[in-house]
>>> print(open('data-v1.cif').read())   # mmCIF, C-alpha atoms; chains and numbers go by the auth columns
data_work
loop_
_atom_site.group_PDB
_atom_site.id
_atom_site.type_symbol
_atom_site.label_atom_id
_atom_site.label_comp_id
_atom_site.label_asym_id
_atom_site.label_seq_id
_atom_site.Cartn_x
_atom_site.Cartn_y
_atom_site.Cartn_z
_atom_site.B_iso_or_equiv
_atom_site.auth_seq_id
_atom_site.auth_asym_id
ATOM 1 C CA LYS A 1 0.000 0.000 0.000 0.00 4 T
ATOM 2 C CA ASN A 2 1.339 3.372 -0.952 0.00 5 T
ATOM 3 C CA ASP A 3 0.756 6.421 1.230 0.00 6 T
ATOM 4 C CA ALA A 4 0.318 8.593 -1.861 0.00 7 T
ATOM 5 C CA PRO A 5 -0.789 7.576 -5.346 0.00 8 T
ATOM 6 C CA ASN A 6 2.223 7.022 -7.575 0.00 9 T
ATOM 7 C CA GLY A 7 0.267 7.610 -10.765 0.00 10 T
ATOM 8 C CA LYS A 8 1.628 6.794 -14.178 0.00 11 T
ATOM 9 C CA ILE A 9 5.253 7.559 -13.404 0.00 12 T
ATOM 10 C CA LEU A 10 5.725 4.820 -10.796 0.00 13 T
ATOM 11 C CA HIS A 11 3.005 2.356 -11.796 0.00 14 T
ATOM 12 C CA TRP A 12 5.657 -0.107 -13.047 0.00 15 T
ATOM 13 C CA TYR A 13 7.521 0.219 -9.719 0.00 16 T
ATOM 14 C CA CYS A 14 4.401 -0.758 -7.746 0.00 17 T
ATOM 15 C CA TYR A 15 4.153 -3.952 -9.809 0.00 18 T
ATOM 16 C CA ASN A 16 7.805 -4.742 -9.080 0.00 19 T
ATOM 17 C CA GLN A 17 7.185 -4.321 -5.362 0.00 20 T
ATOM 18 C CA MET A 18 4.197 -6.682 -5.497 0.00 21 T
ATOM 19 C CA TRP A 19 5.886 -9.220 -7.726 0.00 22 T
ATOM 20 C CA ASP A 20 8.949 -9.295 -5.478 0.00 23 T
ATOM 21 C CA LYS A 21 6.656 -10.458 -2.648 0.00 24 T
ATOM 22 C CA ILE A 22 5.421 -13.442 -4.694 0.00 25 T
ATOM 23 C CA ARG A 23 8.790 -14.472 -6.094 0.00 26 T
ATOM 24 C CA ASN A 24 9.139 -17.404 -3.680 0.00 27 T
ATOM 25 C CA ILE A 25 5.473 -18.384 -3.532 0.00 28 T
ATOM 26 C CA LYS A 26 4.294 -21.284 -5.654 0.00 29 T
ATOM 27 C CA CYS A 27 1.177 -20.290 -7.567 0.00 30 T
ATOM 28 C CA HIS A 28 -0.575 -20.824 -10.881 0.00 31 T
ATOM 29 C CA ALA A 29 -1.667 -17.264 -11.577 0.00 32 T
ATOM 30 C CA VAL A 30 -1.684 -13.763 -10.155 0.00 33 T
ATOM 31 C CA LEU A 31 -4.645 -11.406 -10.212 0.00 34 T
ATOM 32 C CA GLN A 32 -3.386 -7.968 -11.164 0.00 35 T
ATOM 33 C CA MET A 33 -5.857 -5.096 -11.149 0.00 36 T
ATOM 34 C CA ASP A 34 -6.049 -1.354 -10.977 0.00 37 T
ATOM 35 C CA ASP A 35 -7.985 0.111 -8.065 0.00 38 T
ATOM 36 C CA ASP A 36 -10.975 1.346 -10.052 0.00 39 T
ATOM 37 C CA PHE A 37 -12.974 -1.846 -10.616 0.00 40 T
ATOM 38 C CA ILE A 38 -16.070 -3.214 -8.921 0.00 41 T
ATOM 39 C CA LEU A 39 -16.057 -7.017 -8.878 0.00 42 T
ATOM 40 C CA CYS A 40 -19.135 -9.172 -9.500 0.00 43 T
ATOM 41 C CA ASP A 41 -20.336 -11.575 -6.844 0.00 44 T
ATOM 42 C CA ASP A 42 -18.165 -14.685 -6.621 0.00 45 T
ATOM 43 C CA PHE A 43 -15.567 -12.975 -8.829 0.00 46 T
ATOM 44 C CA LEU A 44 -12.570 -14.941 -7.542 0.00 47 T
ATOM 45 C CA ASP A 45 -14.337 -18.293 -7.849 0.00 48 T
ATOM 46 C CA ARG A 46 -15.507 -17.453 -11.362 0.00 49 T
ATOM 47 C CA ILE A 47 -12.197 -16.222 -12.735 0.00 50 T
ATOM 48 C CA VAL A 48 -10.082 -18.960 -11.130 0.00 51 T
ATOM 49 C CA ASP A 49 -12.448 -21.700 -12.342 0.00 52 T
ATOM 50 C CA LEU A 50 -12.438 -20.151 -15.811 0.00 53 T
ATOM 51 C CA TYR A 51 -8.640 -19.954 -15.797 0.00 54 T
ATOM 52 C CA PHE A 52 -8.249 -23.676 -15.078 0.00 55 T
ATOM 53 C CA GLU A 53 -10.995 -24.611 -17.557 0.00 56 T
ATOM 54 C CA LYS A 54 -9.440 -22.566 -20.384 0.00 57 T
ATOM 55 C CA LYS A 55 -5.876 -23.569 -19.482 0.00 58 T
ATOM 56 C CA ASN A 56 -6.943 -27.224 -19.666 0.00 59 T
ATOM 57 C CA GLU A 57 -8.430 -26.594 -23.131 0.00 60 T
ATOM 58 C CA ASN A 58 -5.383 -24.696 -24.389 0.00 61 T
ATOM 59 C CA SER A 59 -2.086 -24.467 -22.508 0.00 62 T
ATOM 60 C CA ARG A 60 -1.200 -21.277 -24.432 0.00 63 T
ATOM 61 C CA ILE A 61 -3.759 -19.288 -22.392 0.00 64 T
ATOM 62 C CA MET A 62 -1.583 -16.843 -20.448 0.00 65 T
ATOM 63 C CA ALA A 63 -4.203 -14.434 -19.098 0.00 66 T
ATOM 64 C CA ILE A 64 -7.911 -14.092 -18.461 0.00 67 T
ATOM 65 C CA SER A 65 -9.252 -10.613 -19.164 0.00 68 T
ATOM 66 C CA PRO A 66 -12.643 -10.120 -17.460 0.00 69 T
ATOM 67 C CA HIS A 67 -13.442 -6.600 -18.699 0.00 70 T
ATOM 68 C CA LEU A 68 -15.177 -5.708 -21.975 0.00 71 T
ATOM 69 C CA TRP A 69 -15.267 -2.003 -22.606 0.00 72 T
ATOM 70 C CA SER A 70 -15.557 0.761 -25.133 0.00 73 T
ATOM 71 C CA PHE A 71 -15.098 4.509 -25.291 0.00 74 T
ATOM 72 C CA LYS A 72 -18.870 4.938 -25.735 0.00 75 T
ATOM 73 C CA GLU A 73 -21.235 4.621 -22.818 0.00 76 T
ATOM 74 C CA PHE A 74 -23.642 2.319 -24.665 0.00 77 T
ATOM 75 C CA VAL A 75 -22.677 0.010 -27.519 0.00 78 T
ATOM 76 C CA ASP A 76 -25.484 -1.989 -29.119 0.00 79 T
ATOM 77 C CA SER A 77 -23.339 -4.164 -31.335 0.00 80 T
ATOM 78 C CA GLU A 78 -21.173 -7.055 -30.316 0.00 81 T
ATOM 79 C CA SER A 79 -18.137 -5.175 -31.613 0.00 82 T
ATOM 80 C CA TRP A 80 -16.898 -3.808 -28.318 0.00 83 T
ATOM 81 C CA TRP A 81 -13.199 -4.014 -27.611 0.00 84 T
ATOM 82 C CA LYS A 82 -12.139 -7.677 -27.704 0.00 85 T
ATOM 83 C CA ARG A 83 -8.460 -7.592 -28.593 0.00 86 T
ATOM 84 C CA LYS A 84 -6.806 -10.864 -27.653 0.00 87 T
ATOM 85 C CA ASP A 85 -3.285 -9.456 -27.700 0.00 88 T
ATOM 86 C CA PHE A 86 -3.584 -6.814 -24.984 0.00 89 T
ATOM 87 C CA VAL A 87 -4.682 -6.651 -21.351 0.00 90 T
ATOM 88 C CA ASP A 88 -5.438 -3.432 -19.544 0.00 91 T
ATOM 89 C CA GLY A 89 -6.613 -2.628 -16.050 0.00 92 T
ATOM 90 C CA ILE A 90 -7.327 -6.131 -14.788 0.00 93 T
ATOM 91 C CA ALA A 91 -6.234 -9.666 -15.661 0.00 94 T
ATOM 92 C CA LEU A 92 -5.573 -13.028 -14.100 0.00 95 T
ATOM 93 C CA ILE A 93 -2.037 -13.616 -15.347 0.00 96 T
ATOM 94 C CA ASP A 94 -0.377 -16.997 -15.599 0.00 97 T
ATOM 95 C CA ASP A 95 2.627 -17.177 -13.286 0.00 98 T
ATOM 96 C CA ALA A 96 4.754 -18.172 -16.299 0.00 99 T
ATOM 97 C CA VAL A 97 4.371 -14.636 -17.686 0.00 100 T
ATOM 98 C CA ILE A 98 5.703 -13.019 -14.534 0.00 101 T
ATOM 99 C CA LYS A 99 8.558 -15.532 -14.392 0.00 102 T
ATOM 100 C CA TYR A 100 9.297 -14.800 -18.066 0.00 103 T
ATOM 101 C CA MET A 101 9.519 -11.111 -17.126 0.00 104 T
ATOM 102 C CA GLU A 102 11.863 -12.128 -14.269 0.00 105 T
ATOM 103 C CA TYR A 103 9.492 -10.501 -11.750 0.00 106 T
ATOM 104 C CA GLN A 104 10.488 -7.086 -13.065 0.00 107 T
ATOM 105 C CA MET A 105 8.949 -4.379 -15.168 0.00 108 T
ATOM 106 C CA LYS A 106 11.203 -1.916 -16.876 0.00 109 T
ATOM 107 C CA PRO A 107 11.142 1.728 -15.793 0.00 110 T
ATOM 108 C CA VAL A 108 9.080 3.965 -18.038 0.00 111 T
ATOM 109 C CA ASN A 109 10.080 7.149 -19.809 0.00 112 T
ATOM 110 C CA ILE A 110 8.797 9.781 -17.351 0.00 113 T
ATOM 111 C CA GLU A 111 8.428 12.501 -19.969 0.00 114 T
ATOM 112 C CA GLU A 112 6.453 10.209 -22.272 0.00 115 T
ATOM 113 C CA VAL A 113 3.989 8.829 -19.705 0.00 116 T
ATOM 114 C CA SER A 114 3.449 12.269 -18.151 0.00 117 T
ATOM 115 C CA LYS A 115 1.599 13.373 -21.278 0.00 118 T
ATOM 116 C CA SER A 116 -2.191 13.280 -21.133 0.00 119 T
ATOM 117 C CA GLY A 117 -3.736 10.137 -22.587 0.00 120 T
ATOM 118 C CA VAL A 118 -0.469 8.181 -22.860 0.00 121 T
ATOM 119 C CA PRO A 119 -0.794 4.701 -21.308 0.00 122 T
ATOM 120 C CA VAL A 120 1.154 3.869 -18.177 0.00 123 T
ATOM 121 C CA ARG A 121 3.119 1.147 -19.995 0.00 124 T
ATOM 122 C CA ALA A 122 2.813 -1.428 -17.205 0.00 125 T
ATOM 123 C CA TRP A 123 0.024 -3.323 -18.958 0.00 126 T
ATOM 124 C CA THR A 124 1.853 -2.818 -22.249 0.00 127 T
ATOM 125 C CA GLN A 125 4.840 -4.706 -20.826 0.00 128 T
ATOM 126 C CA ILE A 126 2.651 -7.598 -19.636 0.00 129 T
ATOM 127 C CA SER A 127 0.895 -7.805 -23.011 0.00 130 T
ATOM 128 C CA GLY A 128 4.242 -7.720 -24.813 0.00 131 T
ATOM 129 C CA ALA A 129 5.566 -10.600 -22.716 0.00 132 T
ATOM 130 C CA ILE A 130 2.473 -12.676 -23.506 0.00 133 T
ATOM 131 C CA ARG A 131 2.926 -12.022 -27.236 0.00 134 T
ATOM 132 C CA LYS A 132 6.639 -12.948 -27.063 0.00 135 T
ATOM 133 C CA MET A 133 5.666 -16.205 -25.352 0.00 136 T
ATOM 134 C CA ASP A 134 3.173 -16.863 -28.178 0.00 137 T
ATOM 135 C CA GLY A 135 0.504 -16.815 -25.496 0.00 138 T
ATOM 136 C CA ILE A 136 -3.205 -16.163 -25.726 0.00 139 T
ATOM 137 C CA ILE A 137 -5.335 -13.748 -23.730 0.00 140 T
ATOM 138 C CA TYR A 138 -8.812 -15.123 -23.137 0.00 141 T
ATOM 139 C CA ARG A 139 -11.557 -12.512 -22.844 0.00 142 T
ATOM 140 C CA THR A 140 -14.690 -13.391 -20.931 0.00 143 T
ATOM 141 C CA GLU A 141 -17.964 -13.342 -22.852 0.00 144 T
ATOM 142 C CA PHE A 142 -19.429 -10.857 -20.370 0.00 145 T
ATOM 143 C CA PRO A 143 -17.509 -8.590 -18.004 0.00 146 T
ATOM 144 C CA LEU A 144 -17.030 -9.876 -14.474 0.00 147 T
ATOM 145 C CA VAL A 145 -15.971 -6.385 -13.373 0.00 148 T
ATOM 146 C CA TYR A 146 -17.271 -2.852 -13.727 0.00 149 T
ATOM 147 C CA HIS A 147 -14.917 0.044 -14.420 0.00 150 T
ATOM 148 C CA ASP A 148 -15.613 2.860 -11.968 0.00 151 T
ATOM 149 C CA GLY A 149 -12.636 5.152 -12.545 0.00 152 T
ATOM 150 C CA ASN A 150 -13.823 7.782 -14.983 0.00 153 T
ATOM 151 C CA ASP A 151 -14.535 10.637 -12.585 0.00 154 T
ATOM 152 C CA ASP A 152 -11.519 10.262 -10.325 0.00 155 T
ATOM 153 C CA SER A 153 -8.864 8.605 -12.477 0.00 156 T
ATOM 154 C CA LYS A 154 -5.433 9.115 -10.984 0.00 157 T
ATOM 155 C CA LEU A 155 -3.709 7.783 -14.097 0.00 158 T
ATOM 156 C CA HIS A 156 -5.608 9.592 -16.854 0.00 159 T
ATOM 157 C CA PRO A 157 -7.545 12.521 -15.335 0.00 160 T
ATOM 158 C CA ASN A 158 -7.391 14.808 -18.387 0.00 161 T
ATOM 159 C CA ALA A 159 -8.150 12.050 -20.895 0.00 162 T
ATOM 160 C CA ARG A 160 -11.324 11.103 -19.023 0.00 163 T
ATOM 161 C CA ILE A 161 -12.890 14.589 -19.080 0.00 164 T
ATOM 162 C CA GLY A 162 -16.078 14.343 -21.113 0.00 165 T
ATOM 163 C CA GLY A 163 -15.514 10.673 -21.861 0.00 166 T
ATOM 164 C CA GLY A 164 -13.927 7.622 -20.421 0.00 167 T
ATOM 165 C CA VAL A 165 -13.874 3.878 -20.419 0.00 168 T
ATOM 166 C CA PHE A 166 -17.297 2.276 -20.246 0.00 169 T
ATOM 167 C CA THR A 167 -18.012 -1.314 -19.247 0.00 170 T
ATOM 168 C CA GLN A 168 -20.380 -3.110 -21.600 0.00 171 T
ATOM 169 C CA LYS A 169 -22.951 -5.679 -20.438 0.00 172 T
ATOM 170 C CA TYR A 170 -21.677 -6.108 -16.864 0.00 173 T
ATOM 171 C CA ILE A 171 -23.157 -9.241 -15.250 0.00 174 T
ATOM 172 C CA GLY A 172 -23.172 -7.891 -11.688 0.00 175 T
ATOM 173 C CA GLU A 173 -25.272 -5.371 -9.830 0.00 176 T
ATOM 174 C CA LEU A 174 -24.207 -1.790 -9.153 0.00 177 T
#
>>> encode(input="data-v1.cif", output="structure tokens")
Amino acid sequence: KNDAPNGKILHWYCYNQMWDKIRNIKCHAVLQMDDDFILCDDFLDRIVDLYFEKKNENSRIMAISPHLWSFKEFVDSESWWKRKDFVDGIALIDDAVIKYMEYQMKPVNIEEVSKSGVPVRAWTQISGAIRKMDGIIYRTEFPLVYHDGNDDSKLHPNARIGGGVFTQKYIGEL
């Protein structure tokens, strides 16, 4: 727990601190998530069961992404964001990915990530490792989480003015 939010500049460093704590713990996967999600009932049971089910079907599954979102508040079509090569905000990550990254994220370019709308690069590093491992990111059919960080985003406050990231077809109750 940090006394003050580290924002985009030290996001990668927070991951390194957490991952250092799990270095000597035997596990199958690690749930990594930003602090602006509301979880559905039985979230942990659902995502862990899904992880083992999908991993049994295809050993190349390296992450479960439980959030389907768009930049529009309501999307009628089934074309919301479903990229299978990128995770952002929340994912259950196979331990092999974190081992592949040697429990370390690389420092980010402070000038670059300080610009409004530029991603924090922590999730970019995780996604890149999964691609290099020829891994697959499985996206849930419906979101198991609700994004609640538009009004008070510490990472992208200017980019969220008048817009944001909107969860589509959340299965839980708000």
>>> resolve_selection(input="data-v1.cif", expression="the PyMOL selection byres ((chain T and resi 149) around 7)", output="list in words")
Phe40, Ile41, Leu42, Val148, His150, Asp151, Thr170 and Tyr173 of chain T
>>> closest_residue(input="data-v1.cif", among="T:Phe145, T:Tyr54, T:Phe77, T:Tyr16", to="Val33 of chain T", atoms="only C-alpha atoms")
T:Tyr54
>>> axis_aligned_box(input="data-v1.cif", around="segment 86-101 of chain T", padding_each_side="5 Å", output="JSON")
{"center_x": -1.4, "center_y": -10.4, "center_z": -20.9, "size_x": 24.2, "size_y": 25.5, "size_z": 25.3}
>>> closest_atom_pairs(input="data-v1.cif", of="segment 50-110 of chain T", to="segment 123-133 of chain T", cutoff="10 Å", atoms="only C-alpha atoms", output="tab-separated table")
residue	atom	partner	partner_atom	distance
T:Arg63	CA	T:Ile133	CA	9.4
T:Ile64	CA	T:Ile133	CA	9.2
T:Met65	CA	T:Ile133	CA	6.6
T:Ala66	CA	T:Ile133	CA	8.2
T:Lys87	CA	T:Ser130	CA	9.5
T:Asp88	CA	T:Ser130	CA	6.5
T:Phe89	CA	T:Ser130	CA	5.0
T:Val90	CA	T:Ser130	CA	5.9
T:Asp91	CA	T:Trp126	CA	5.5
T:Gly92	CA	T:Trp126	CA	7.3
T:Ile93	CA	T:Trp126	CA	8.9
T:Ala94	CA	T:Trp126	CA	9.5
T:Ile96	CA	T:Ile129	CA	8.8
T:Asp97	CA	T:Ile133	CA	9.5
T:Ala99	CA	T:Ile133	CA	9.3
T:Val100	CA	T:Ile133	CA	6.4
T:Ile101	CA	T:Ile129	CA	8.0
T:Tyr103	CA	T:Ala132	CA	7.3
T:Met104	CA	T:Ala132	CA	6.9
T:Gln107	CA	T:Gln128	CA	9.9
T:Met108	CA	T:Gln128	CA	7.0
T:Lys109	CA	T:Gln128	CA	8.0
T:Pro110	CA	T:Ala125	CA	9.0
>>> write_last_selection(input="data-v1.cif", atoms="C-alpha atoms", output="JSON list (two decimals), keeping the file's coordinate frame")
[["chain", "number", "residue", "atom", "x", "y", "z"],
["T", 63, "ARG", "CA", -1.20, -21.28, -24.43],
["T", 64, "ILE", "CA", -3.76, -19.29, -22.39],
["T", 65, "MET", "CA", -1.58, -16.84, -20.45],
["T", 66, "ALA", "CA", -4.20, -14.43, -19.10],
["T", 87, "LYS", "CA", -6.81, -10.86, -27.65],
["T", 88, "ASP", "CA", -3.28, -9.46, -27.70],
["T", 89, "PHE", "CA", -3.58, -6.81, -24.98],
["T", 90, "VAL", "CA", -4.68, -6.65, -21.35],
["T", 91, "ASP", "CA", -5.44, -3.43, -19.54],
["T", 92, "GLY", "CA", -6.61, -2.63, -16.05],
["T", 93, "ILE", "CA", -7.33, -6.13, -14.79],
["T", 94, "ALA", "CA", -6.23, -9.67, -15.66],
["T", 96, "ILE", "CA", -2.04, -13.62, -15.35],
["T", 97, "ASP", "CA", -0.38, -17.00, -15.60],
["T", 99, "ALA", "CA", 4.75, -18.17, -16.30],
["T", 100, "VAL", "CA", 4.37, -14.64, -17.69],
["T", 101, "ILE", "CA", 5.70, -13.02, -14.53],
["T", 103, "TYR", "CA", 9.30, -14.80, -18.07],
["T", 104, "MET", "CA", 9.52, -11.11, -17.13],
["T", 107, "GLN", "CA", 10.49, -7.09, -13.06],
["T", 108, "MET", "CA", 8.95, -4.38, -15.17],
["T", 109, "LYS", "CA", 11.20, -1.92, -16.88],
["T", 110, "PRO", "CA", 11.14, 1.73, -15.79]]
>>> atom_distance(input="data-v1.cif", atom1="atom CA of Tyr141 of chain T", atom2="atom CA of Cys17 of chain T")
24.9 Å
>>> atom_distance(input="data-v1.cif", atom1="atom CA of Val168 of chain T", atom2="atom CA of Met21 of chain T")
25.7 Å
>>> resolve_selection(input="data-v1.cif", expression="the PyMOL selection byres ((chain T and resi 171) around 12)", output="PDB file with C-alpha atoms, in the frame of the given file")
ATOM      1  CA  PRO T  69     -12.643 -10.120 -17.460  1.00  0.00           C
ATOM      2  CA  HIS T  70     -13.442  -6.600 -18.699  1.00  0.00           C
ATOM      3  CA  LEU T  71     -15.177  -5.708 -21.975  1.00  0.00           C
ATOM      4  CA  TRP T  72     -15.267  -2.003 -22.606  1.00  0.00           C
ATOM      5  CA  SER T  73     -15.557   0.761 -25.133  1.00  0.00           C
ATOM      6  CA  PHE T  74     -15.098   4.509 -25.291  1.00  0.00           C
ATOM      7  CA  LYS T  75     -18.870   4.938 -25.735  1.00  0.00           C
ATOM      8  CA  GLU T  76     -21.235   4.621 -22.818  1.00  0.00           C
ATOM      9  CA  PHE T  77     -23.642   2.319 -24.665  1.00  0.00           C
ATOM     10  CA  VAL T  78     -22.677   0.010 -27.519  1.00  0.00           C
ATOM     11  CA  ASP T  79     -25.484  -1.989 -29.119  1.00  0.00           C
ATOM     12  CA  SER T  80     -23.339  -4.164 -31.335  1.00  0.00           C
ATOM     13  CA  GLU T  81     -21.173  -7.055 -30.316  1.00  0.00           C
ATOM     14  CA  SER T  82     -18.137  -5.175 -31.613  1.00  0.00           C
ATOM     15  CA  TRP T  83     -16.898  -3.808 -28.318  1.00  0.00           C
ATOM     16  CA  TRP T  84     -13.199  -4.014 -27.611  1.00  0.00           C
ATOM     17  CA  LYS T  85     -12.139  -7.677 -27.704  1.00  0.00           C
ATOM     18  CA  THR T 143     -14.690 -13.391 -20.931  1.00  0.00           C
ATOM     19  CA  GLU T 144     -17.964 -13.342 -22.852  1.00  0.00           C
ATOM     20  CA  PHE T 145     -19.429 -10.857 -20.370  1.00  0.00           C
ATOM     21  CA  PRO T 146     -17.509  -8.590 -18.004  1.00  0.00           C
ATOM     22  CA  LEU T 147     -17.030  -9.876 -14.474  1.00  0.00           C
ATOM     23  CA  VAL T 148     -15.971  -6.385 -13.373  1.00  0.00           C
ATOM     24  CA  TYR T 149     -17.271  -2.852 -13.727  1.00  0.00           C
ATOM     25  CA  HIS T 150     -14.917   0.044 -14.420  1.00  0.00           C
ATOM     26  CA  VAL T 168     -13.874   3.878 -20.419  1.00  0.00           C
ATOM     27  CA  PHE T 169     -17.297   2.276 -20.246  1.00  0.00           C
ATOM     28  CA  THR T 170     -18.012  -1.314 -19.247  1.00  0.00           C
ATOM     29  CA  LYS T 172     -22.951  -5.679 -20.438  1.00  0.00           C
ATOM     30  CA  TYR T 173     -21.677  -6.108 -16.864  1.00  0.00           C
ATOM     31  CA  ILE T 174     -23.157  -9.241 -15.250  1.00  0.00           C
ATOM     32  CA  GLY T 175     -23.172  -7.891 -11.688  1.00  0.00           C
TER      33      GLY T 175
END
>>> closest_residue(input="data-v1.cif", among="T:Cys43, T:Arg49, T:Glu114, T:Ser62", to="Leu177 of chain T", atoms="all atoms listed in the file")
T:Cys43
>>> atom_distance(input="data-v1.cif", atom1="atom CA of Asp44 of chain T", atom2="atom CA of Cys30 of chain T")
23.2 Å
>>> residues_around(input="data-v1.cif", residues="Lys11 of chain T", least_positions_apart="3", cutoff="8 Å", atoms="only C-alpha atoms", output="NGL selection string")
:T and (14 or 116-117 or 122-123 or 158)
>>> write_last_selection(input="data-v1.cif", atoms="C-alpha atoms", output="compact mmCIF listing (two decimals), keeping the file's coordinate frame")
# COMPACT_ATOMS: atom_id res chain seq x y z
CA HIS T 14 3.00 2.36 -11.80
CA VAL T 116 3.99 8.83 -19.70
CA SER T 117 3.45 12.27 -18.15
CA PRO T 122 -0.79 4.70 -21.31
CA VAL T 123 1.15 3.87 -18.18
CA LEU T 158 -3.71 7.78 -14.10
>>> closest_residue(input="data-v1.cif", among="T:Ile67, T:Val121, T:Met136, T:Leu53", to="Met36 of chain T", atoms="only C-alpha atoms")
T:Ile67
>>> closest_residue(input="data-v1.cif", among="T:Gln35, T:Ile12, T:Gly167, T:Ile140", to="Lys58 of chain T", atoms="only C-alpha atoms")
T:Ile140
>>> residues_around(input="data-v1.cif", residues="Ile25 of chain T", least_positions_apart="3", cutoff="12 Å", atoms="all atoms listed in the file", output="list in words")
Tyr18, Asn19, Gln20, Met21, Trp22, Ile28, Lys29, Cys30, His31, Ala32, Val33, Leu34, Asp98, Ile101, Lys102, Glu105, Tyr106 and Gln107 of chain T
>>> closest_residue(input="data-v1.cif", among="T:Glu115, T:Ser68, T:Asp37, T:Gly152", to="Arg86 of chain T", atoms="all atoms listed in the file")
T:Ser68
>>> closest_residue(input="data-v1.cif", among="T:Glu60, T:Arg142, T:Asn27, T:Asn112", to="Leu13 of chain T", atoms="all atoms listed in the file")
T:Asn112
